[in-house]
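Here is query.pdb, consisting of PDB, C-alpha atoms:
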```pdb
MODEL        1
ATOM      1  CA  MET A   4     -67.541-258.122 118.106
ATOM      2  CA  GLU A   5     -66.350-254.612 118.913
ATOM      3  CA  ILE A   6     -67.526-252.132 116.311
ATOM      4  CA  THR A   7     -64.974-249.462 115.480
ATOM      5  CA  SER A   8     -65.754-245.876 114.538
ATOM      6  CA  ASP A   9     -64.330-246.551 111.060
ATOM      7  CA  GLU A  10     -66.755-249.447 110.581
ATOM      8  CA  ILE A  11     -69.643-247.216 111.623
ATOM      9  CA  LEU A  12     -68.595-244.499 109.170
ATOM     10  CA  ASN A  13     -68.089-246.975 106.344
ATOM     11  CA  THR A  14     -71.477-248.544 107.020
ATOM     12  CA  ILE A  15     -73.209-245.165 106.985
ATOM     13  CA  GLU A  16     -71.531-244.168 103.729
ATOM     14  CA  ALA A  17     -72.384-247.471 102.054
ATOM     15  CA  LEU A  18     -75.784-247.767 103.740
ATOM     16  CA  TYR A  19     -77.619-248.854 100.616
ATOM     17  CA  LEU A  20     -74.846-250.975  99.130
ATOM     18  CA  THR A  21     -76.106-253.852 101.265
ATOM     19  CA  TYR A  22     -78.767-254.308  98.573
ATOM     20  CA  PRO A  23     -77.868-257.326  96.412
ATOM     21  CA  PRO A  24     -78.262-256.943  92.636
ATOM     22  CA  ILE A  25     -81.450-258.350  91.128
ATOM     23  CA  PRO A  26     -81.217-258.686  87.328
ATOM     24  CA  GLY A  27     -83.793-256.521  85.577
ATOM     25  CA  LYS A  28     -84.811-254.847  88.832
ATOM     26  CA  LEU A  29     -81.649-253.521  90.489
ATOM     27  CA  GLU A  30     -78.270-253.602  88.783
ATOM     28  CA  TYR A  31     -74.886-252.193  89.775
ATOM     29  CA  PHE A  32     -72.814-249.616  87.918
ATOM     30  CA  ASP A  33     -69.710-250.865  86.145
ATOM     31  CA  ILE A  34     -67.849-247.556  86.206
ATOM     32  CA  ALA A  35     -64.447-247.199  87.875
ATOM     33  CA  GLY A  36     -64.355-245.061  90.997
ATOM     34  CA  ILE A  37     -68.037-245.197  91.886
ATOM     35  CA  GLN A  38     -70.423-247.682  93.455
ATOM     36  CA  GLY A  39     -74.178-247.601  93.184
ATOM     37  CA  TRP A  40     -77.095-249.078  91.335
ATOM     38  CA  TYR A  41     -79.834-248.346  88.854
ATOM     39  CA  SER A  42     -83.286-249.686  88.143
ATOM     40  CA  PRO A  43     -83.894-250.300  84.416
ATOM     41  CA  GLY A  44     -87.609-249.547  84.684
ATOM     42  CA  LEU A  45     -87.724-246.412  86.824
ATOM     43  CA  SER A  46     -86.796-242.747  86.492
ATOM     44  CA  HIS A  47     -86.137-241.531  90.032
ATOM     45  CA  PRO A  48     -83.057-240.272  91.946
ATOM     46  CA  LEU A  49     -83.541-242.886  94.669
ATOM     47  CA  MET A  50     -83.574-245.807  92.266
ATOM     48  CA  ASN A  51     -80.751-244.678  89.972
ATOM     49  CA  LEU A  52     -78.190-243.761  92.565
ATOM     50  CA  VAL A  53     -74.436-243.312  92.941
ATOM     51  CA  ILE A  54     -73.759-244.160  96.579
ATOM     52  CA  LYS A  55     -69.997-244.267  97.106
ATOM     53  CA  THR A  56     -67.427-242.153  95.264
ATOM     54  CA  ASN A  57     -63.657-242.589  95.215
ATOM     55  CA  LEU A  58     -62.442-240.375  92.377
ATOM     56  CA  THR A  59     -59.564-237.952  91.881
ATOM     57  CA  THR A  60     -59.496-234.305  90.917
ATOM     58  CA  GLU A  61     -58.267-235.474  87.510
ATOM     59  CA  ASN A  62     -61.071-237.932  86.678
ATOM     60  CA  ALA A  63     -64.042-236.699  88.712
ATOM     61  CA  ASP A  64     -65.606-234.397  86.113
ATOM     62  CA  GLU A  65     -65.214-236.977  83.354
ATOM     63  CA  THR A  66     -66.870-239.678  85.479
ATOM     64  CA  ILE A  67     -69.732-237.364  86.429
ATOM     65  CA  GLN A  68     -70.254-236.651  82.737
ATOM     66  CA  THR A  69     -70.211-240.381  81.928
ATOM     67  CA  VAL A  70     -72.952-241.080  84.469
ATOM     68  CA  GLN A  71     -74.982-238.076  83.395
ATOM     69  CA  ASP A  72     -74.739-238.993  79.714
ATOM     70  CA  GLN A  73     -75.986-242.489  80.496
ATOM     71  CA  PHE A  74     -79.163-241.209  82.120
ATOM     72  CA  LYS A  75     -79.670-238.271  79.779
ATOM     73  CA  ALA A  76     -79.740-240.700  76.858
ATOM     74  CA  GLN A  77     -82.541-242.608  78.604
ATOM     75  CA  GLU A  78     -84.283-239.440  79.866
ATOM     76  CA  LYS A  79     -84.147-240.861  83.383
ATOM     77  CA  ALA A  80     -83.569-239.073  86.677
ATOM     78  CA  PHE A  81     -80.650-240.095  88.864
ATOM     79  CA  GLY A  82     -79.172-239.214  92.247
ATOM     80  CA  TRP A  83     -75.713-238.989  93.810
ATOM     81  CA  TRP A  84     -74.966-239.323  97.530
ATOM     82  CA  VAL A  85     -72.083-237.211  98.839
ATOM     83  CA  SER A  86     -70.636-238.022 102.268
ATOM     84  CA  ASP A  87     -67.718-236.818 104.350
ATOM     85  CA  LEU A  88     -65.744-239.761 102.930
ATOM     86  CA  SER A  89     -66.513-239.012  99.268
ATOM     87  CA  LEU A  90     -63.559-238.131  97.055
ATOM     88  CA  PRO A  91     -62.635-235.662  95.778
ATOM     89  CA  ALA A  92     -63.504-233.382  98.688
ATOM     90  CA  ASP A  93     -65.204-230.876  96.392
ATOM     91  CA  LEU A  94     -67.495-233.497  94.819
ATOM     92  CA  GLY A  95     -70.669-231.589  95.729
ATOM     93  CA  THR A  96     -69.439-228.451  94.000
ATOM     94  CA  ARG A  97     -68.548-230.461  90.899
ATOM     95  CA  LEU A  98     -71.987-232.076  90.806
ATOM     96  CA  GLU A  99     -73.681-228.676  91.027
ATOM     97  CA  ALA A 100     -71.484-227.406  88.209
ATOM     98  CA  ALA A 101     -72.704-230.369  86.134
ATOM     99  CA  GLY A 102     -76.333-229.379  86.729
ATOM    100  CA  LEU A 103     -77.286-231.522  89.706
ATOM    101  CA  ALA A 104     -79.130-229.895  92.628
ATOM    102  CA  LYS A 105     -78.798-230.646  96.324
ATOM    103  CA  VAL A 106     -82.233-231.926  97.363
ATOM    104  CA  VAL A 107     -81.738-233.546 100.783
ATOM    105  CA  GLU A 108     -79.288-233.075 103.637
ATOM    106  CA  THR A 109     -78.974-235.873 106.168
ATOM    107  CA  ALA A 110     -77.030-236.731 109.300
ATOM    108  CA  GLY A 111     -75.398-240.143 109.544
ATOM    109  CA  MET A 112     -76.087-241.162 113.144
ATOM    110  CA  SER A 113     -75.491-244.142 115.419
ATOM    111  CA  LEU A 114     -76.779-245.466 118.731
ATOM    112  CA  ASP A 115     -76.095-248.400 121.033
ATOM    113  CA  VAL A 116     -79.191-250.569 120.588
ATOM    114  CA  HIS A 117     -79.450-251.000 124.370
ATOM    115  CA  HIS A 118     -79.919-247.274 124.914
ATOM    116  CA  PRO A 119     -83.298-246.867 126.667
ATOM    117  CA  ILE A 120     -86.025-245.074 124.729
ATOM    118  CA  SER A 121     -89.356-244.104 126.228
ATOM    119  CA  ALA A 122     -92.194-244.486 123.735
ATOM    120  CA  ASN A 123     -95.844-243.439 123.803
ATOM    121  CA  PRO A 124     -97.730-246.485 125.170
ATOM    122  CA  ALA A 125    -100.785-245.496 123.113
ATOM    123  CA  VAL A 126     -98.860-246.339 119.926
ATOM    124  CA  ARG A 127     -98.712-250.048 119.074
ATOM    125  CA  VAL A 128     -95.960-251.272 116.769
ATOM    126  CA  GLY A 129     -95.771-254.689 115.177
ATOM    127  CA  GLN A 130     -93.625-256.380 112.566
ATOM    128  CA  VAL A 131     -95.305-256.839 109.204
ATOM    129  CA  ALA A 132     -95.851-260.352 107.925
ATOM    130  CA  THR A 133     -94.068-261.241 104.702
ATOM    131  CA  GLY A 134     -96.252-261.024 101.641
ATOM    132  CA  ASP A 135     -97.953-257.753 102.605
ATOM    133  CA  VAL A 136     -96.173-255.838  99.835
ATOM    134  CA  PRO A 137     -99.271-253.982  98.508
ATOM    135  CA  ILE A 138    -100.251-252.681 101.972
ATOM    136  CA  VAL A 139     -96.694-251.630 102.851
ATOM    137  CA  ALA A 140     -96.180-249.935  99.480
ATOM    138  CA  ASP A 141     -99.469-248.060  99.693
ATOM    139  CA  LEU A 142     -98.564-246.670 103.105
ATOM    140  CA  TYR A 143     -95.120-245.512 101.933
ATOM    141  CA  HIS A 144     -96.811-243.960  98.902
ATOM    142  CA  ARG A 145     -99.302-241.987 100.998
ATOM    143  CA  ALA A 146     -97.132-241.164 104.020
ATOM    144  CA  TYR A 147     -93.782-240.061 102.572
ATOM    145  CA  PRO A 148     -95.213-239.409  99.965
ATOM    146  CA  VAL A 149     -93.469-241.021  96.967
ATOM    147  CA  PRO A 150     -94.907-242.031  93.588
ATOM    148  CA  LYS A 151     -96.791-245.297  93.850
ATOM    149  CA  PRO A 152     -94.690-247.143  91.203
ATOM    150  CA  LEU A 153     -91.542-246.224  93.150
ATOM    151  CA  ALA A 154     -93.035-247.377  96.461
ATOM    152  CA  GLU A 155     -94.180-250.670  94.946
ATOM    153  CA  HIS A 156     -90.820-251.277  93.296
ATOM    154  CA  ARG A 157     -88.801-250.560  96.446
ATOM    155  CA  VAL A 158     -90.995-252.649  98.728
ATOM    156  CA  GLU A 159     -90.896-255.542  96.273
ATOM    157  CA  LEU A 160     -87.097-255.361  96.336
ATOM    158  CA  TRP A 161     -87.034-255.145 100.120
ATOM    159  CA  GLU A 162     -89.238-258.220 100.339
ATOM    160  CA  LYS A 163     -86.826-260.189  98.158
ATOM    161  CA  MET A 164     -83.899-259.023 100.287
ATOM    162  CA  GLY A 165     -85.501-259.997 103.581
ATOM    163  CA  PHE A 166     -85.892-256.495 104.974
ATOM    164  CA  MET A 167     -88.148-256.186 108.003
ATOM    165  CA  GLN A 168     -91.096-253.798 107.927
ATOM    166  CA  PHE A 169     -92.951-252.431 110.948
ATOM    167  CA  PHE A 170     -96.421-250.884 111.177
ATOM    168  CA  ALA A 171     -97.569-248.425 113.833
ATOM    169  CA  TYR A 172    -101.200-248.271 114.995
ATOM    170  CA  VAL A 173    -103.200-245.837 117.114
ATOM    171  CA  GLU A 174    -106.447-246.553 118.897
ATOM    172  CA  GLU A 175    -108.789-244.668 116.553
ATOM    173  CA  SER A 176    -107.574-246.403 113.398
ATOM    174  CA  GLU A 177    -107.819-250.079 112.530
ATOM    175  CA  ASP A 178    -105.354-249.555 109.700
ATOM    176  CA  PRO A 179    -101.649-248.805 110.204
ATOM    177  CA  VAL A 180    -100.783-245.113 110.238
ATOM    178  CA  ALA A 181     -97.001-245.377 109.858
ATOM    179  CA  VAL A 182     -94.370-247.735 108.498
ATOM    180  CA  ALA A 183     -90.614-248.187 108.888
ATOM    181  CA  SER A 184     -87.982-250.669 107.763
ATOM    182  CA  MET A 185     -84.856-252.308 109.175
ATOM    183  CA  TRP A 186     -82.184-254.653 107.905
ATOM    184  CA  TYR A 187     -78.805-255.886 109.144
ATOM    185  CA  ARG A 188     -75.338-255.425 107.698
ATOM    186  CA  PRO A 189     -74.128-258.897 106.695
ATOM    187  CA  GLY A 190     -71.335-260.111 108.961
ATOM    188  CA  TYR A 191     -71.662-257.257 111.445
ATOM    189  CA  PRO A 192     -73.921-256.706 114.491
ATOM    190  CA  ILE A 193     -75.210-253.482 112.947
ATOM    191  CA  ALA A 194     -78.886-252.676 112.406
ATOM    192  CA  LEU A 195     -79.711-250.275 109.599
ATOM    193  CA  LEU A 196     -82.850-248.245 110.231
ATOM    194  CA  GLY A 197     -84.657-247.263 107.043
ATOM    195  CA  GLY A 198     -86.827-244.215 106.738
ATOM    196  CA  ALA A 199     -90.063-244.099 108.692
ATOM    197  CA  ALA A 200     -93.183-242.591 107.156
ATOM    198  CA  THR A 201     -96.236-241.421 109.103
ATOM    199  CA  LEU A 202     -99.526-240.251 107.602
ATOM    200  CA  THR A 203     -99.732-236.478 107.911
ATOM    201  CA  GLU A 204    -102.786-236.381 110.162
ATOM    202  CA  TYR A 205    -101.111-238.600 112.781
ATOM    203  CA  ARG A 206     -97.771-236.815 113.083
ATOM    204  CA  GLY A 207     -96.588-235.222 116.313
ATOM    205  CA  ARG A 208     -97.830-238.043 118.530
ATOM    206  CA  GLY A 209     -94.602-239.942 119.181
ATOM    207  CA  ILE A 210     -95.193-242.502 116.438
ATOM    208  CA  TYR A 211     -91.706-242.080 114.963
ATOM    209  CA  THR A 212     -90.172-242.666 118.408
ATOM    210  CA  ALA A 213     -92.303-245.764 118.930
ATOM    211  CA  LEU A 214     -91.107-247.174 115.613
ATOM    212  CA  VAL A 215     -87.473-246.579 116.597
ATOM    213  CA  ALA A 216     -87.980-248.184 120.011
ATOM    214  CA  GLN A 217     -89.625-251.312 118.615
ATOM    215  CA  ARG A 218     -86.965-251.789 115.961
ATOM    216  CA  LEU A 219     -84.247-251.522 118.599
ATOM    217  CA  LYS A 220     -85.996-254.198 120.667
ATOM    218  CA  LYS A 221     -85.982-256.487 117.653
ATOM    219  CA  ALA A 222     -82.326-255.671 116.973
ATOM    220  CA  ILE A 223     -81.388-256.554 120.564
ATOM    221  CA  ALA A 224     -83.249-259.855 120.291
ATOM    222  CA  ASP A 225     -81.274-260.649 117.141
ATOM    223  CA  GLY A 226     -77.914-259.895 118.732
ATOM    224  CA  MET A 227     -77.233-256.511 117.163
ATOM    225  CA  GLN A 228     -75.062-253.953 118.951
ATOM    226  CA  THR A 229     -75.341-250.697 117.035
ATOM    227  CA  ALA A 230     -78.124-248.972 115.130
ATOM    228  CA  ILE A 231     -77.365-246.652 112.228
ATOM    229  CA  ILE A 232     -79.608-244.190 110.428
ATOM    230  CA  ALA A 233     -79.286-241.502 107.758
ATOM    231  CA  ALA A 234     -81.740-238.975 109.177
ATOM    232  CA  ASP A 235     -83.155-236.022 107.261
ATOM    233  CA  ARG A 236     -81.895-232.851 108.947
ATOM    234  CA  SER A 237     -85.234-231.116 108.471
ATOM    235  CA  THR A 238     -87.406-233.856 109.972
ATOM    236  CA  SER A 239     -86.081-236.958 111.712
ATOM    237  CA  ALA A 240     -82.531-235.913 112.692
ATOM    238  CA  PRO A 241     -83.653-233.602 115.551
ATOM    239  CA  ILE A 242     -85.842-236.408 116.927
ATOM    240  CA  CYS A 243     -83.016-238.939 116.679
ATOM    241  CA  LYS A 244     -80.691-236.568 118.524
ATOM    242  CA  LYS A 245     -83.204-236.296 121.383
ATOM    243  CA  LEU A 246     -83.415-240.084 121.488
ATOM    244  CA  GLY A 247     -79.659-240.343 121.997
ATOM    245  CA  PHE A 248     -78.302-240.881 118.500
ATOM    246  CA  ALA A 249     -74.876-239.318 117.928
ATOM    247  CA  GLU A 250     -74.018-237.712 114.613
ATOM    248  CA  GLN A 251     -71.065-239.337 112.884
ATOM    249  CA  CYS A 252     -71.028-237.651 109.484
ATOM    250  CA  SER A 253     -72.968-235.594 106.978
ATOM    251  CA  LEU A 254     -74.536-236.809 103.744
ATOM    252  CA  ALA A 255     -76.323-234.962 100.994
ATOM    253  CA  LEU A 256     -78.338-236.172  98.041
ATOM    254  CA  TYR A 257     -77.827-234.422  94.707
ATOM    255  CA  ALA A 258     -80.254-235.124  91.903
ATOM    256  CA  TRP A 259     -80.725-234.576  88.202
ATOM    257  CA  THR A 260     -83.981-235.004  86.279
ATOM    258  CA  PRO A 261     -84.754-234.710  82.567
ATOM    259  CA  LEU A 262     -86.496-231.417  83.352
ATOM    260  CA  ASP A 263     -83.108-229.985  84.398
ATOM    261  CA  SER A 264     -81.635-230.323  80.906
TER     262      SER A 264
ENDMDL
END
```

Before we go any further, please render this structure as structure tokens.
Amino acid sequence: MEITSDEILNTIEALYLTYPPIPGKLEYFDIAGIQGWYSPGLSHPLMNLVIKTNLTTENADETIQTVQDQFKAQEKAFGWWVSDLSLPADLGTRLEAAGLAKVVETAGMSLDVHHPISANPAVRVGQVATGDVPIVADLYHRAYPVPKPLAEHRVELWEKMGFMQFFAYVEESEDPVAVASMWYRPGYPIALLGGAATLTEYRGRGIYTALVAQRLKKAIADGMQTAIIAADRSTSAPICKKLGFAEQCSLALYAWTPLDS
């Protein structure tokens, strides 16, 4: 299957819409013009998230207010992804006017999975066995870092969805020092690379690169053609560019928390 540039862009924009709904854990918005999901039990921009927006200049502000009112009433934080494909074109400005703040800027990037990547041979990477949710969650919690309840919730969801997790090891530590995820877009030979997290004291040793290289090997073995990542411009995007990833679009995460009201 030949993957078109439009399919790559659409996949990047809807990166997290490959998550299936799980009643009581992850449910989808039922609001016209937006796509995204929310977690009934958590207050965090990454778990209550508008992902894709197709609104007009006439209804955008009203829809933003509808979403905001929903989470304000529950005193829960929420996030809103804005991409180059989001409509209206001034969506980011409208979100800021509504009290949301831009918290992360990312580059949507792609790479042919067969592109050669040279990794540090001193870093060993292996796929995590299913059922290791507590270990995976603890490493995400400590390495990103993110609150432990959020890490546990996300990893539990990923386990149910069949996401693959990978650990990285170095010689002086018996325990994994980094973790990264990967899943495939249903019906397409596209691998989606989730965020990688390395413990602070082990950064700068090529561990991120080793995690990318190993995931690409797995993707090749499974018949994938293209890898896609939303890389943080302040951390992973420069590394991905050096590895050969090409930027396809920009994305930004806007967030609102109860403290902002």

When you look at stretch 189-204 of chain A with a cut-off of 6 Å (counting all atoms listed in the file), what residues show up, excluding the ones that are within fewer than 6 positions of it in the same chain? I need them as JSON, numbers by chain. {"A": [146, 147, 180, 181, 182, 183, 227, 228, 229, 230, 231, 232]}

List every residue of stretch 42-121 of chain A that has an atom at most 10 Å from any atom of stretch 218-225 of chain A, and for each one report the closest atom pair and its distance in Å to one decimal, counting all atoms listed in the file, with rows sorted by chain and then by increasing residue number, as CSV.
```
residue,atom,partner,partner_atom,distance
A:Leu114,CA,A:Leu219,CA,9.6
A:Asp115,CA,A:Leu219,CA,9.1
A:Val116,CA,A:Leu219,CA,5.5
A:His117,CA,A:Ile223,CA,7.0
A:His118,CA,A:Leu219,CA,8.8
A:Pro119,CA,A:Leu219,CA,9.4
A:Ile120,CA,A:Leu219,CA,9.1
```

Any idea what's packed within 9 Å of stretch 51-55 of chain A, counting only C-alpha atoms, ignoring anything in its chain fewer than 4 positions away? Could you give it as a count of residues only? 32

For atom CA of A:Leu256 and atom CA of A:Val107, the interatomic separation in Å (one decimal): 5.1 Å

Return as JSON, numbers by chain the set of residues that the PyMOL selection byres ((chain A and resi 248) around 6) yields on the displayed structure. {"A": [112, 113, 114, 243, 244, 246, 247, 249]}

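Proximity of A:Met185, A:Leu94, A:Val136, A:Ile6 to A:Thr60, computed with only C-alpha atoms, is greatest for A:Leu94.
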
Nearby residues (only C-alpha atoms) at most 10 Å from A:Glu174, same-chain spacing under 4 positions excluded, as a ChimeraX atom specification: /A:125-127,178

Given the file shown, determine the residues that the PyMOL selection byres ((chain A and resi 163) around 12) selects; report them as a ChimeraX atom specification. /A:22-25,28-29,133-134,136,156-162,164-167

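Relative to atom CA of A:Pro48, atom CA of A:Ala132 is found at 28.7 Å.
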
Write out, as a tab-separated table, each residue of stretch 46-148 of chain A that has an atom at most 8 Å from stretch 168-172 of chain A, together with the closest pair of atoms and their distance in Å to one decimal, counting all atoms listed in the file, rows going by chain and rising number.
```
residue	atom	partner	partner_atom	distance
A:Val126	CA	A:Tyr172	CA	5.8
A:Arg127	CA	A:Tyr172	CA	5.1
A:Val128	CA	A:Ala171	CA	4.4
A:Gly129	CA	A:Phe170	CA	5.6
A:Gln130	CA	A:Phe169	CA	4.3
A:Val131	CA	A:Phe169	CA	5.3
A:Val139	CA	A:Gln168	CA	7.9
```

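Counting from atom CA of A:Gln71, the distance to atom CA of A:Gly44 is 17.1 Å.
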
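The closest residue to A:Ala233, picked from A:Val106, A:Thr14, A:Thr260, A:Gly207 and counting only C-alpha atoms, is A:Thr14.
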
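Proximity of A:Arg208, A:Ile34, A:Cys252, A:Trp259 to A:Asp9, computed with only C-alpha atoms, is greatest for A:Cys252.
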